[in-house]
Amino acid sequence: MTPKIPLLAAAWLVLKKDWQIEWRTRARLTAIIFFSLSTLLLFSFAVGPDINTLRAHAPGYLWLALLFASVLSLGESFRIESENQALTGLVLTPVEPRAIFVGKVFGNASLLFVLSLVLLPVTVALYDVDLSRAPLQLVLVLFLGSVGISAPGTVYSAISANARARDVMLPLLLFPVLIPLLLAAVSATRFTLQPDPQEQVGGWLKLLTAFDLIYLSVGFLLFPKVAEED
Amino acid sequence: MPPFVPLTLFALVVAAIIAHVAVPSVRGWLWKPIAGLGAFMLVALWYLGLVWAPPEQFMSDVGRILYVHVPHVWMALLAFTLNVGCAVAYLMKKSFVTDALAESAAEVGVYFGAVGVTMGSIWARPTWGVWWDWDPRLISTTVMLLAYVGYLALRSFTEDPERRATWSAVAAILSYVSLPIVWFSVRWWNSLHQVQSSPSTVDKPMVQVLRWGAITLLCFLYVFIVKRYQIARSRQTAAMELPPLEAPRPEAA
Amino acid sequence: MAEQLAVEAVDISKRFGARWALARLSFGLPQGRSLLLTGHNGSGKTTLLRLIATASFPTAGTLRVLGHDARAGRDQLRPHVALVSHASFHYEDLTAAQNLTLSAKFLGRGGEPNLVPELLERMGLSERADSPVRQFSAGMRKRLAIARLLMKAPKVALLDEPFGELDPAGIKQMEGLIRELQSQGTSVVLATHLVEQGQSLTNERLHLAAGRKVDAS
């Protein structure tokens, strides 16, 4: 009867809807960008002005800034959905919950990815890193890392959006799970920006990819339980 | 001891827990002999661990904390495994029994994990000269602990019992999936530490005491979980006590 | 099947924590007929509508909508059931037109260029089509929600307090729309406090008190 649109098409619509909302309320994106800028700046104050230390730890600072920003953007992403119960509205339209998951993950990931690209020149200015060693590989690391934060993050923020004390709940649930991702992303970034005598970067990239795939699949399976009431 | 014995023991404990949950007549007495056995074995463990076993080759008497530290971490892992089993079972078929069991397993697991990590930290001080050491096992356990503290916080911050059960089951699965990834990545990230000591590289008497300790704590694991389960169940019934559903009144013409 | 039932509830109950929101409710609504739901605040009207819309599922009992089990057959029946409730389901930061276009695309009707403008025109929202919903008044939100329901052309339309927040002209229009839906064979389930208005629009009545069916008096 009614033509049921395929899962990926629905996911694409969800993703475009998120972009549309993001574009209409640019203030939010701007706020998150400036939030992570000040985080990066704070790291240099906390560590001190020694440029060698700063340069050596720049990958760590970059990913911590992204991680903190991700808590804000993920929380925001499901605040939109819980306002007016829009998520329920989508499910009843009907939109397959799994399509919503895929769309939201890549919506959140694209936001973080853009944010990370914006932060790169800042790391050059603040920490004097050299981006020219393997720029494409760096972009790949940033992309994989953004997806990796968003895949479990989307499930957890869907949960915490409706819980009490949601601002505390999200990082409390998300950060422990993200520790392997943080290790892999920071190491991969380090060996992309700095010499990699033992050629370790390949292994870390594999770990990043594996992390993404595992959490994309687990989230894909579990998200319907969160999106639909029993 | 053949390798399948630990697994068999764990299976026995799970079977005993299931018996406790499913068979009301068992509930009153089964925990008593097991608690008694645990208490007896604990007393014996003091003697075995502190007197009978020879001092460790490299760490001397400090190494004796391992007899309780390592089994504690094992018990935490077992409890979390039970927890994720209940979470999967809950998502497949809604039941407040599995939800209550998941809650008890997680809480008991956090207890054993916290004690285990604290002991690990105490052990690290004289051994490596620092309270905290970037040993993969210690970090993985700590991360695991954090994840399950988040799980318990989520439970206490969600009012609606059905949502709490569903959400925490999802959170439990996500956390459990992360355990092997955390373990693997941390080990790889910091590969400068001693290789994992499997029982074959440790002295024979040590292994025996370690196993004795594990079985002792297994008894306590059982008792804690079933007792905590009873509390969880009675809280559930208290919170969800409902007026009986009478049949609808006959329709007025 | 002799007579297709739009909604068939067999002994359904719904609990929220320590409270039965609905208790052992049974009724049947033949396809094409309409039902008036009355009862005080908290009597279970909204819960019942949400169950029929498959936004939530009964704790016990069997609920069939359009012949499908509400839980197991939710994928089949969701395209034919539409709910207008207190929560408007809109994205506050999208415009009225964008919200409707999004629904149209999900419904596989993205290729009909006139669909959204016509619906907006009908609901008197054309002038504000490009304003974000955040700037809308409560009445305008309700109109937008109705537009969304009309787009779906449902077989079962669930209306939770459709007259609330509307001005007199809006109420008149709302009545007209309900009659139009009914003339197309749609079963309307109407929950409202305006009993007389509701009774003039519906064939049957279900009065709820504390989640139970009682005689309306």
# chains A, B, ... in the order shown; residues from 1 in each chain; ligands from 1
call {"tool": "interface_residues", "arguments": {"of": "chain C", "to": "chain A", "cutoff": "10 Å", "atoms": "only C-alpha atoms", "output": "JSON, numbers by chain"}}
result
{"C": [53, 54, 55, 56, 57, 58, 59, 71, 74, 75, 76, 77, 78, 79, 80, 81, 82, 83, 84, 85, 86, 87, 88, 89, 90, 91, 92, 93, 94, 95, 98, 99, 102, 103, 104, 105, 106, 107, 108, 109, 132, 148, 149, 152]}
call {"tool": "write_last_selection", "arguments": {"atoms": "N, CA and C atoms", "output": "compact mmCIF listing (two decimals), in the first residue's frame"}}
result
# COMPACT_ATOMS: atom_id res chain seq x y z
N ALA C 53 -2.29 4.31 19.07
CA ALA C 53 -1.34 4.84 18.09
C ALA C 53 -0.04 4.04 18.06
N THR C 54 0.12 3.05 18.92
CA THR C 54 1.33 2.24 19.10
C THR C 54 2.53 3.07 19.56
N ALA C 55 2.24 4.18 20.26
CA ALA C 55 3.35 4.90 20.89
C ALA C 55 3.74 4.18 22.17
N SER C 56 2.85 3.33 22.64
CA SER C 56 3.06 2.60 23.87
C SER C 56 2.25 1.32 23.74
N PHE C 57 2.52 0.35 24.59
CA PHE C 57 1.85 -0.94 24.41
C PHE C 57 1.21 -1.39 25.71
N PRO C 58 0.09 -2.13 25.61
CA PRO C 58 -0.59 -2.54 26.83
C PRO C 58 0.25 -3.50 27.66
N THR C 59 0.09 -3.39 28.99
CA THR C 59 0.80 -4.30 29.89
C THR C 59 0.17 -5.69 29.83
N ARG C 71 1.13 -4.61 19.07
CA ARG C 71 2.57 -4.71 19.26
C ARG C 71 3.23 -5.43 18.08
N ARG C 74 2.81 -3.64 14.54
CA ARG C 74 2.89 -2.18 14.54
C ARG C 74 3.44 -1.62 13.25
N ASP C 75 4.34 -2.36 12.61
CA ASP C 75 4.90 -1.84 11.36
C ASP C 75 3.84 -1.74 10.27
N GLN C 76 2.91 -2.69 10.27
CA GLN C 76 1.87 -2.66 9.24
C GLN C 76 0.83 -1.59 9.52
N LEU C 77 0.57 -1.35 10.82
CA LEU C 77 -0.57 -0.47 11.06
C LEU C 77 -0.19 1.00 11.24
N ARG C 78 1.07 1.26 11.55
CA ARG C 78 1.46 2.66 11.77
C ARG C 78 1.15 3.58 10.58
N PRO C 79 1.32 3.13 9.33
CA PRO C 79 1.00 4.04 8.22
C PRO C 79 -0.47 4.45 8.18
N HIS C 80 -1.35 3.71 8.87
CA HIS C 80 -2.78 3.98 8.74
C HIS C 80 -3.38 4.61 9.96
N VAL C 81 -2.56 4.89 10.96
CA VAL C 81 -3.06 5.47 12.20
C VAL C 81 -2.33 6.78 12.43
N ALA C 82 -3.06 7.81 12.80
CA ALA C 82 -2.39 9.08 13.07
C ALA C 82 -2.91 9.65 14.38
N LEU C 83 -2.02 10.27 15.11
CA LEU C 83 -2.33 10.79 16.43
C LEU C 83 -2.01 12.28 16.49
N VAL C 84 -2.96 13.05 16.98
CA VAL C 84 -2.67 14.45 17.30
C VAL C 84 -2.80 14.55 18.80
N SER C 85 -1.68 14.84 19.45
CA SER C 85 -1.73 14.80 20.91
C SER C 85 -1.18 16.10 21.49
N HIS C 86 -1.02 16.12 22.80
CA HIS C 86 -0.50 17.32 23.46
C HIS C 86 0.91 17.62 22.96
N ALA C 87 1.70 16.55 22.81
CA ALA C 87 3.03 16.74 22.24
C ALA C 87 2.86 16.80 20.73
N SER C 88 3.36 17.87 20.13
CA SER C 88 3.01 18.10 18.73
C SER C 88 3.90 17.32 17.77
N PHE C 89 4.98 16.71 18.25
CA PHE C 89 5.92 15.96 17.41
C PHE C 89 6.71 16.83 16.44
N HIS C 90 6.62 18.14 16.55
CA HIS C 90 7.33 18.98 15.58
C HIS C 90 8.74 19.29 16.04
N TYR C 91 9.58 19.60 15.05
CA TYR C 91 10.90 20.13 15.37
C TYR C 91 10.79 21.64 15.48
N GLU C 92 11.11 22.14 16.65
CA GLU C 92 10.92 23.55 16.92
C GLU C 92 11.76 24.44 15.99
N ASP C 93 12.89 23.95 15.56
CA ASP C 93 13.79 24.80 14.79
C ASP C 93 13.58 24.69 13.29
N LEU C 94 12.66 23.84 12.88
CA LEU C 94 12.34 23.79 11.45
C LEU C 94 11.08 24.62 11.22
N THR C 95 10.91 25.07 9.99
CA THR C 95 9.71 25.84 9.68
C THR C 95 8.53 24.90 9.53
N GLN C 98 8.95 22.98 6.39
CA GLN C 98 9.99 21.95 6.48
C GLN C 98 9.52 20.75 7.27
N ASN C 99 8.80 21.00 8.35
CA ASN C 99 8.28 19.90 9.14
C ASN C 99 7.36 19.01 8.31
N LEU C 102 9.22 17.08 5.57
CA LEU C 102 9.92 15.93 6.13
C LEU C 102 8.98 14.73 6.27
N SER C 103 7.80 14.98 6.84
CA SER C 103 6.83 13.88 6.98
C SER C 103 6.46 13.34 5.61
N ALA C 104 6.24 14.24 4.65
CA ALA C 104 5.85 13.80 3.31
C ALA C 104 6.89 12.86 2.74
N LYS C 105 8.16 13.20 2.91
CA LYS C 105 9.21 12.35 2.37
C LYS C 105 9.24 11.00 3.05
N PHE C 106 9.07 11.00 4.37
CA PHE C 106 9.05 9.72 5.07
C PHE C 106 7.87 8.87 4.64
N LEU C 107 6.77 9.52 4.27
CA LEU C 107 5.60 8.78 3.84
C LEU C 107 5.68 8.39 2.37
N GLY C 108 6.80 8.71 1.75
CA GLY C 108 6.96 8.37 0.34
C GLY C 108 6.16 9.28 -0.57
N ARG C 109 5.79 10.47 -0.05
CA ARG C 109 5.02 11.40 -0.88
C ARG C 109 5.83 12.65 -1.18
N PRO C 132 9.93 29.40 11.79
CA PRO C 132 10.18 28.22 12.61
C PRO C 132 9.03 28.00 13.60
N ARG C 148 -0.53 17.61 9.48
CA ARG C 148 0.27 16.41 9.39
C ARG C 148 -0.60 15.16 9.40
N LEU C 149 -1.65 15.20 10.20
CA LEU C 149 -2.56 14.07 10.25
C LEU C 149 -3.28 13.91 8.91
N LYS C 152 -1.45 12.15 6.14
CA LYS C 152 -1.35 10.69 6.24
C LYS C 152 -2.61 10.00 5.73
call {"tool": "closest_atom_pairs", "arguments": {"of": "chain B", "to": "chain A", "cutoff": "12 Å", "atoms": "only C-alpha atoms", "output": "JSON lines"}}
result
{"residue": "B:Ala87", "atom": "CA", "partner": "A:Leu222", "partner_atom": "CA", "distance": 11.5}
{"residue": "B:Val88", "atom": "CA", "partner": "A:Leu222", "partner_atom": "CA", "distance": 10.3}
{"residue": "B:Tyr90", "atom": "CA", "partner": "A:Lys225", "partner_atom": "CA", "distance": 11.1}
{"residue": "B:Leu91", "atom": "CA", "partner": "A:Lys225", "partner_atom": "CA", "distance": 7.9}
{"residue": "B:Met92", "atom": "CA", "partner": "A:Lys225", "partner_atom": "CA", "distance": 10.4}
{"residue": "B:Lys93", "atom": "CA", "partner": "A:Asp230", "partner_atom": "CA", "distance": 11.4}
{"residue": "B:Lys94", "atom": "CA", "partner": "A:Asp230", "partner_atom": "CA", "distance": 9.3}
{"residue": "B:Pro136", "atom": "CA", "partner": "A:Pro180", "partner_atom": "CA", "distance": 11.9}
{"residue": "B:Ile139", "atom": "CA", "partner": "A:Ile179", "partner_atom": "CA", "distance": 10.3}
{"residue": "B:Ser140", "atom": "CA", "partner": "A:Ile179", "partner_atom": "CA", "distance": 9.8}
{"residue": "B:Thr141", "atom": "CA", "partner": "A:Pro176", "partner_atom": "CA", "distance": 10.9}
{"residue": "B:Thr142", "atom": "CA", "partner": "A:Pro176", "partner_atom": "CA", "distance": 9.2}
{"residue": "B:Val143", "atom": "CA", "partner": "A:Pro176", "partner_atom": "CA", "distance": 5.6}
{"residue": "B:Met144", "atom": "CA", "partner": "A:Pro176", "partner_atom": "CA", "distance": 7.3}
{"residue": "B:Leu145", "atom": "CA", "partner": "A:Pro176", "partner_atom": "CA", "distance": 8.8}
{"residue": "B:Leu146", "atom": "CA", "partner": "A:Pro176", "partner_atom": "CA", "distance": 6.2}
{"residue": "B:Ala147", "atom": "CA", "partner": "A:Pro176", "partner_atom": "CA", "distance": 5.3}
{"residue": "B:Tyr148", "atom": "CA", "partner": "A:Leu173", "partner_atom": "CA", "distance": 8.4}
{"residue": "B:Val149", "atom": "CA", "partner": "A:Leu172", "partner_atom": "CA", "distance": 8.2}
{"residue": "B:Gly150", "atom": "CA", "partner": "A:Leu173", "partner_atom": "CA", "distance": 5.0}
{"residue": "B:Tyr151", "atom": "CA", "partner": "A:Leu173", "partner_atom": "CA", "distance": 6.9}
{"residue": "B:Leu152", "atom": "CA", "partner": "A:Leu173", "partner_atom": "CA", "distance": 9.9}
{"residue": "B:Ala153", "atom": "CA", "partner": "A:Met169", "partner_atom": "CA", "distance": 7.5}
{"residue": "B:Leu154", "atom": "CA", "partner": "A:Met169", "partner_atom": "CA", "distance": 6.7}
{"residue": "B:Arg155", "atom": "CA", "partner": "A:Ala163", "partner_atom": "CA", "distance": 9.4}
{"residue": "B:Ser156", "atom": "CA", "partner": "A:Arg164", "partner_atom": "CA", "distance": 9.2}
{"residue": "B:Phe157", "atom": "CA", "partner": "A:Arg164", "partner_atom": "CA", "distance": 5.4}
{"residue": "B:Thr158", "atom": "CA", "partner": "A:Ala163", "partner_atom": "CA", "distance": 5.5}
{"residue": "B:Glu159", "atom": "CA", "partner": "A:Ala163", "partner_atom": "CA", "distance": 8.2}
{"residue": "B:Asp160", "atom": "CA", "partner": "A:Ala163", "partner_atom": "CA", "distance": 9.6}
{"residue": "B:Pro161", "atom": "CA", "partner": "A:Asp230", "partner_atom": "CA", "distance": 11.2}
{"residue": "B:Glu162", "atom": "CA", "partner": "A:Asp230", "partner_atom": "CA", "distance": 7.6}
{"residue": "B:Arg163", "atom": "CA", "partner": "A:Glu229", "partner_atom": "CA", "distance": 7.7}
{"residue": "B:Arg164", "atom": "CA", "partner": "A:Ala163", "partner_atom": "CA", "distance": 9.1}
{"residue": "B:Ala165", "atom": "CA", "partner": "A:Asp230", "partner_atom": "CA", "distance": 10.7}
{"residue": "B:Thr166", "atom": "CA", "partner": "A:Lys225", "partner_atom": "CA", "distance": 7.1}
{"residue": "B:Trp167", "atom": "CA", "partner": "A:Ile159", "partner_atom": "CA", "distance": 6.4}
{"residue": "B:Ser168", "atom": "CA", "partner": "A:Ile159", "partner_atom": "CA", "distance": 9.0}
{"residue": "B:Ala169", "atom": "CA", "partner": "A:Leu222", "partner_atom": "CA", "distance": 9.6}
{"residue": "B:Val170", "atom": "CA", "partner": "A:Leu222", "partner_atom": "CA", "distance": 6.5}
{"residue": "B:Ala171", "atom": "CA", "partner": "A:Tyr156", "partner_atom": "CA", "distance": 7.4}
{"residue": "B:Ala172", "atom": "CA", "partner": "A:Leu173", "partner_atom": "CA", "distance": 9.8}
{"residue": "B:Ile173", "atom": "CA", "partner": "A:Val218", "partner_atom": "CA", "distance": 8.5}
{"residue": "B:Leu174", "atom": "CA", "partner": "A:Val218", "partner_atom": "CA", "distance": 7.3}
{"residue": "B:Ser175", "atom": "CA", "partner": "A:Val177", "partner_atom": "CA", "distance": 6.1}
{"residue": "B:Tyr176", "atom": "CA", "partner": "A:Val177", "partner_atom": "CA", "distance": 9.0}
{"residue": "B:Val177", "atom": "CA", "partner": "A:Ile214", "partner_atom": "CA", "distance": 8.5}
{"residue": "B:Ser178", "atom": "CA", "partner": "A:Val177", "partner_atom": "CA", "distance": 5.7}
{"residue": "B:Leu179", "atom": "CA", "partner": "A:Val177", "partner_atom": "CA", "distance": 8.3}
{"residue": "B:Pro180", "atom": "CA", "partner": "A:Pro180", "partner_atom": "CA", "distance": 9.8}
{"residue": "B:Ile181", "atom": "CA", "partner": "A:Pro180", "partner_atom": "CA", "distance": 6.4}
{"residue": "B:Val182", "atom": "CA", "partner": "A:Pro180", "partner_atom": "CA", "distance": 5.2}
{"residue": "B:Trp183", "atom": "CA", "partner": "A:Pro180", "partner_atom": "CA", "distance": 8.5}
{"residue": "B:Phe184", "atom": "CA", "partner": "A:Pro180", "partner_atom": "CA", "distance": 8.4}
{"residue": "B:Ser185", "atom": "CA", "partner": "A:Pro180", "partner_atom": "CA", "distance": 5.7}
{"residue": "B:Val186", "atom": "CA", "partner": "A:Pro180", "partner_atom": "CA", "distance": 7.2}
{"residue": "B:Arg187", "atom": "CA", "partner": "A:Pro180", "partner_atom": "CA", "distance": 10.4}
{"residue": "B:Trp188", "atom": "CA", "partner": "A:Trp204", "partner_atom": "CA", "distance": 9.5}
{"residue": "B:Trp189", "atom": "CA", "partner": "A:Leu183", "partner_atom": "CA", "distance": 7.2}
{"residue": "B:Asn190", "atom": "CA", "partner": "A:Leu183", "partner_atom": "CA", "distance": 10.3}
call {"tool": "write_last_selection", "arguments": {"atoms": "C-alpha atoms", "output": "compact mmCIF listing (two decimals), in the first residue's frame"}}
result
# COMPACT_ATOMS: atom_id res chain seq x y z
CA ALA B 87 20.34 -7.79 30.43
CA VAL B 88 20.16 -9.83 27.24
CA TYR B 90 15.49 -8.99 29.78
CA LEU B 91 15.59 -7.51 26.30
CA MET B 92 14.46 -10.82 24.83
CA LYS B 93 11.67 -11.30 27.33
CA LYS B 94 10.62 -8.60 29.73
CA PRO B 136 46.59 -3.00 31.95
CA ILE B 139 43.25 0.03 34.38
CA SER B 140 40.82 -2.32 32.68
CA THR B 141 39.29 -3.20 36.02
CA THR B 142 38.99 0.45 36.94
CA VAL B 143 37.38 1.34 33.62
CA MET B 144 34.99 -1.57 34.04
CA LEU B 145 34.17 -0.30 37.51
CA LEU B 146 33.48 3.21 36.21
CA ALA B 147 31.20 1.88 33.51
CA TYR B 148 29.15 -0.05 36.04
CA VAL B 149 29.01 2.85 38.47
CA GLY B 150 27.47 4.74 35.54
CA TYR B 151 25.06 1.86 35.10
CA LEU B 152 24.00 1.99 38.74
CA ALA B 153 23.66 5.78 38.57
CA LEU B 154 21.41 5.44 35.53
CA ARG B 155 19.25 3.01 37.45
CA SER B 156 18.89 5.31 40.40
CA PHE B 157 18.15 8.32 38.19
CA THR B 158 15.30 6.67 36.29
CA GLU B 159 11.93 6.60 37.97
CA ASP B 160 9.80 4.47 35.70
CA PRO B 161 10.55 0.79 36.42
CA GLU B 162 10.10 -0.44 32.86
CA ARG B 163 12.19 2.28 31.31
CA ARG B 164 14.83 1.75 33.97
CA ALA B 165 14.98 -1.93 33.16
CA THR B 166 15.18 -1.44 29.40
CA TRP B 167 17.65 1.42 29.44
CA SER B 168 19.95 -0.13 31.97
CA ALA B 169 19.92 -3.40 30.03
CA VAL B 170 21.05 -1.50 26.92
CA ALA B 171 23.70 0.35 28.92
CA ALA B 172 24.90 -2.93 30.44
CA ILE B 173 25.41 -4.50 27.03
CA LEU B 174 27.29 -1.47 25.69
CA SER B 175 29.54 -1.50 28.75
CA TYR B 176 30.20 -5.21 28.62
CA VAL B 177 31.09 -5.05 24.94
CA SER B 178 33.72 -2.48 25.82
CA LEU B 179 35.51 -4.73 28.33
CA PRO B 180 37.61 -6.75 25.87
CA ILE B 181 38.31 -3.67 23.74
CA VAL B 182 39.49 -1.76 26.79
CA TRP B 183 41.64 -4.65 27.92
CA PHE B 184 43.20 -5.09 24.49
CA SER B 185 43.81 -1.42 23.81
CA VAL B 186 45.25 -0.64 27.21
CA ARG B 187 47.63 -3.56 27.00
CA TRP B 188 48.76 -2.48 23.60
CA TRP B 189 49.03 1.14 24.62
CA ASN B 190 51.29 0.35 27.53
call {"tool": "select_by_dssp", "arguments": {"residues": "stretch 10-234 of chain B", "states": "helix (DSSP H, G or I)", "output": "MDAnalysis selection string"}}
result
chainID B and resid 10:22 24:27 31:52 61:92 96:128 136:157 161:189 199:201 204:234
call {"tool": "select_by_dssp", "arguments": {"residues": "stretch 75-181 of chain C", "states": "strand (DSSP E)", "output": "number ranges by chain"}}
result
C: 81-84, 156-160
call {"tool": "write_last_selection", "arguments": {"atoms": "N, CA and C atoms", "output": "tab-separated table (two decimals), in the first residue's frame"}}
result
chain	number	residue	atom	x	y	z
C	81	VAL	N	-2.56	4.89	10.96
C	81	VAL	CA	-3.06	5.47	12.20
C	81	VAL	C	-2.33	6.78	12.43
C	82	ALA	N	-3.06	7.81	12.80
C	82	ALA	CA	-2.39	9.08	13.07
C	82	ALA	C	-2.91	9.65	14.38
C	83	LEU	N	-2.02	10.27	15.11
C	83	LEU	CA	-2.33	10.79	16.43
C	83	LEU	C	-2.01	12.28	16.49
C	84	VAL	N	-2.96	13.05	16.98
C	84	VAL	CA	-2.67	14.45	17.30
C	84	VAL	C	-2.80	14.55	18.80
C	156	VAL	N	-7.55	5.36	10.88
C	156	VAL	CA	-7.95	5.66	12.25
C	156	VAL	C	-7.27	6.97	12.65
C	157	ALA	N	-8.06	7.97	13.01
C	157	ALA	CA	-7.50	9.25	13.43
C	157	ALA	C	-7.75	9.42	14.91
C	158	LEU	N	-6.69	9.68	15.65
C	158	LEU	CA	-6.80	9.81	17.10
C	158	LEU	C	-6.57	11.26	17.46
C	159	LEU	N	-7.57	11.88	18.06
C	159	LEU	CA	-7.48	13.31	18.35
C	159	LEU	C	-7.60	13.51	19.85
C	160	ASP	N	-6.53	14.03	20.44
C	160	ASP	CA	-6.51	14.27	21.87
C	160	ASP	C	-6.78	15.76	22.10
call {"tool": "residues_around", "arguments": {"residues": "A:Gly145", "least_positions_apart": "4", "cutoff": "8 Å", "atoms": "only C-alpha atoms", "output": "PyMOL selection string"}}
result
chain A and resi 141+149+181+185+208
call {"tool": "residues_around", "arguments": {"residues": "B:Leu138", "least_positions_apart": "5", "cutoff": "9 Å", "atoms": "only C-alpha atoms", "output": "list in words"}}
result
Gly116, Val117, Gly120, Ser121, Trp132, Asp133 and Val143 of chain B
call {"tool": "write_last_selection", "arguments": {"atoms": "N, CA and C atoms", "output": "PDB file, in the first residue's frame"}}
result
ATOM      1  N   GLY B 116      38.828  -5.059  44.884  1.00  0.00           N
ATOM      2  CA  GLY B 116      39.952  -5.582  44.115  1.00  0.00           C
ATOM      3  C   GLY B 116      40.896  -4.485  43.656  1.00  0.00           C
ATOM      4  N   VAL B 117      40.348  -3.386  43.145  1.00  0.00           N
ATOM      5  CA  VAL B 117      41.191  -2.289  42.668  1.00  0.00           C
ATOM      6  C   VAL B 117      41.944  -1.652  43.832  1.00  0.00           C
ATOM      7  N   GLY B 120      44.743  -3.792  44.669  1.00  0.00           N
ATOM      8  CA  GLY B 120      45.765  -3.689  43.637  1.00  0.00           C
ATOM      9  C   GLY B 120      46.621  -2.462  43.850  1.00  0.00           C
ATOM     10  N   SER B 121      45.955  -1.389  44.259  1.00  0.00           N
ATOM     11  CA  SER B 121      46.667  -0.145  44.496  1.00  0.00           C
ATOM     12  C   SER B 121      47.588  -0.286  45.712  1.00  0.00           C
ATOM     13  N   TRP B 132      49.525   4.217  42.158  1.00  0.00           N
ATOM     14  CA  TRP B 132      48.792   3.922  40.942  1.00  0.00           C
ATOM     15  C   TRP B 132      49.788   3.502  39.880  1.00  0.00           C
ATOM     16  N   ASP B 133      49.440   2.474  39.172  1.00  0.00           N
ATOM     17  CA  ASP B 133      50.375   1.973  38.204  1.00  0.00           C
ATOM     18  C   ASP B 133      49.596   1.669  36.946  1.00  0.00           C
ATOM     19  N   VAL B 143      38.307   0.861  34.642  1.00  0.00           N
ATOM     20  CA  VAL B 143      37.381   1.344  33.621  1.00  0.00           C
ATOM     21  C   VAL B 143      36.059   0.595  33.719  1.00  0.00           C
TER      22      VAL B 143
END
call {"tool": "interface_residues", "arguments": {"of": "chain C", "to": "chain B", "cutoff": "10 Å", "atoms": "only C-alpha atoms", "output": "list in words"}}
result
Asp11, Ser13, Arg15, Phe16, Gly17, Ala18, Arg19, Trp20, Ala23, Arg24, Leu25, Ser26, Arg212, Lys213, Val214 and Asp215 of chain C
call {"tool": "write_last_selection", "arguments": {"atoms": "N, CA and C atoms", "output": "mmCIF file, in the first residue's frame"}}
result
data_model
loop_
_atom_site.group_PDB
_atom_site.id
_atom_site.type_symbol
_atom_site.label_atom_id
_atom_site.label_comp_id
_atom_site.auth_asym_id
_atom_site.auth_seq_id
_atom_site.Cartn_x
_atom_site.Cartn_y
_atom_site.Cartn_z
ATOM 1 N N ASP C 11 -9.846 -6.672 27.206
ATOM 2 C CA ASP C 11 -9.328 -6.763 28.564
ATOM 3 C C ASP C 11 -7.931 -6.141 28.692
ATOM 4 N N SER C 13 -4.937 -3.632 29.945
ATOM 5 C CA SER C 13 -4.529 -2.849 31.101
ATOM 6 C C SER C 13 -3.173 -2.234 30.793
ATOM 7 N N ARG C 15 0.015 -0.286 32.964
ATOM 8 C CA ARG C 15 0.482 0.216 34.240
ATOM 9 C C ARG C 15 1.621 1.204 34.032
ATOM 10 N N PHE C 16 1.669 2.210 34.903
ATOM 11 C CA PHE C 16 2.828 3.093 34.975
ATOM 12 C C PHE C 16 3.340 2.984 36.395
ATOM 13 N N GLY C 17 4.425 2.281 36.605
ATOM 14 C CA GLY C 17 4.947 2.112 37.950
ATOM 15 C C GLY C 17 3.898 1.495 38.853
ATOM 16 N N ALA C 18 3.485 2.228 39.872
ATOM 17 C CA ALA C 18 2.570 1.656 40.854
ATOM 18 C C ALA C 18 1.119 2.042 40.576
ATOM 19 N N ARG C 19 0.815 2.329 39.347
ATOM 20 C CA ARG C 19 -0.520 2.844 39.051
ATOM 21 C C ARG C 19 -1.046 2.168 37.795
ATOM 22 N N TRP C 20 -2.317 1.771 37.850
ATOM 23 C CA TRP C 20 -2.942 1.280 36.619
ATOM 24 C C TRP C 20 -3.540 2.484 35.902
ATOM 25 N N ALA C 23 -7.415 -0.113 33.268
ATOM 26 C CA ALA C 23 -7.629 -1.381 33.951
ATOM 27 C C ALA C 23 -8.736 -2.169 33.274
ATOM 28 N N ARG C 24 -8.349 -3.289 32.705
ATOM 29 C CA ARG C 24 -9.281 -4.274 32.149
ATOM 30 C C ARG C 24 -10.365 -3.643 31.292
ATOM 31 N N LEU C 25 -9.920 -2.992 30.292
ATOM 32 C CA LEU C 25 -10.820 -2.262 29.413
ATOM 33 C C LEU C 25 -11.113 -3.118 28.186
ATOM 34 N N SER C 26 -12.386 -3.221 27.834
ATOM 35 C CA SER C 26 -12.746 -3.944 26.615
ATOM 36 C C SER C 26 -13.745 -3.112 25.826
ATOM 37 N N ARG C 212 -10.909 2.955 34.127
ATOM 38 C CA ARG C 212 -11.937 1.932 33.927
ATOM 39 C C ARG C 212 -13.099 2.504 33.156
ATOM 40 N N LYS C 213 -13.786 1.592 32.479
ATOM 41 C CA LYS C 213 -14.974 1.986 31.741
ATOM 42 C C LYS C 213 -16.110 2.168 32.737
ATOM 43 N N VAL C 214 -16.765 3.308 32.710
ATOM 44 C CA VAL C 214 -17.930 3.486 33.578
ATOM 45 C C VAL C 214 -19.068 4.061 32.741
ATOM 46 N N ASP C 215 -20.273 4.016 33.307
ATOM 47 C CA ASP C 215 -21.413 4.575 32.599
ATOM 48 C C ASP C 215 -21.323 6.087 32.624
#
call {"tool": "residues_around", "arguments": {"residues": "stretch 45-53 of chain A", "least_positions_apart": "2", "cutoff": "12 Å", "atoms": "only C-alpha atoms", "output": "JSON, numbers by chain"}}
result
{"A": [38, 39, 40, 41, 42, 43, 55, 56, 57, 58, 59, 60, 61, 123, 124, 125, 126, 127, 128, 129]}
call {"tool": "residues_around", "arguments": {"residues": "B:Phe40", "least_positions_apart": "3", "cutoff": "12 Å", "atoms": "only C-alpha atoms", "output": "PyMOL selection string"}}
result
chain B and resi 33-37+43-47+212-213+215-217+219-220
call {"tool": "closest_residue", "arguments": {"among": "A:Ala99, A:Leu7, A:Leu119, A:Lys104", "to": "A:Leu64", "atoms": "only C-alpha atoms"}}
result
A:Leu119
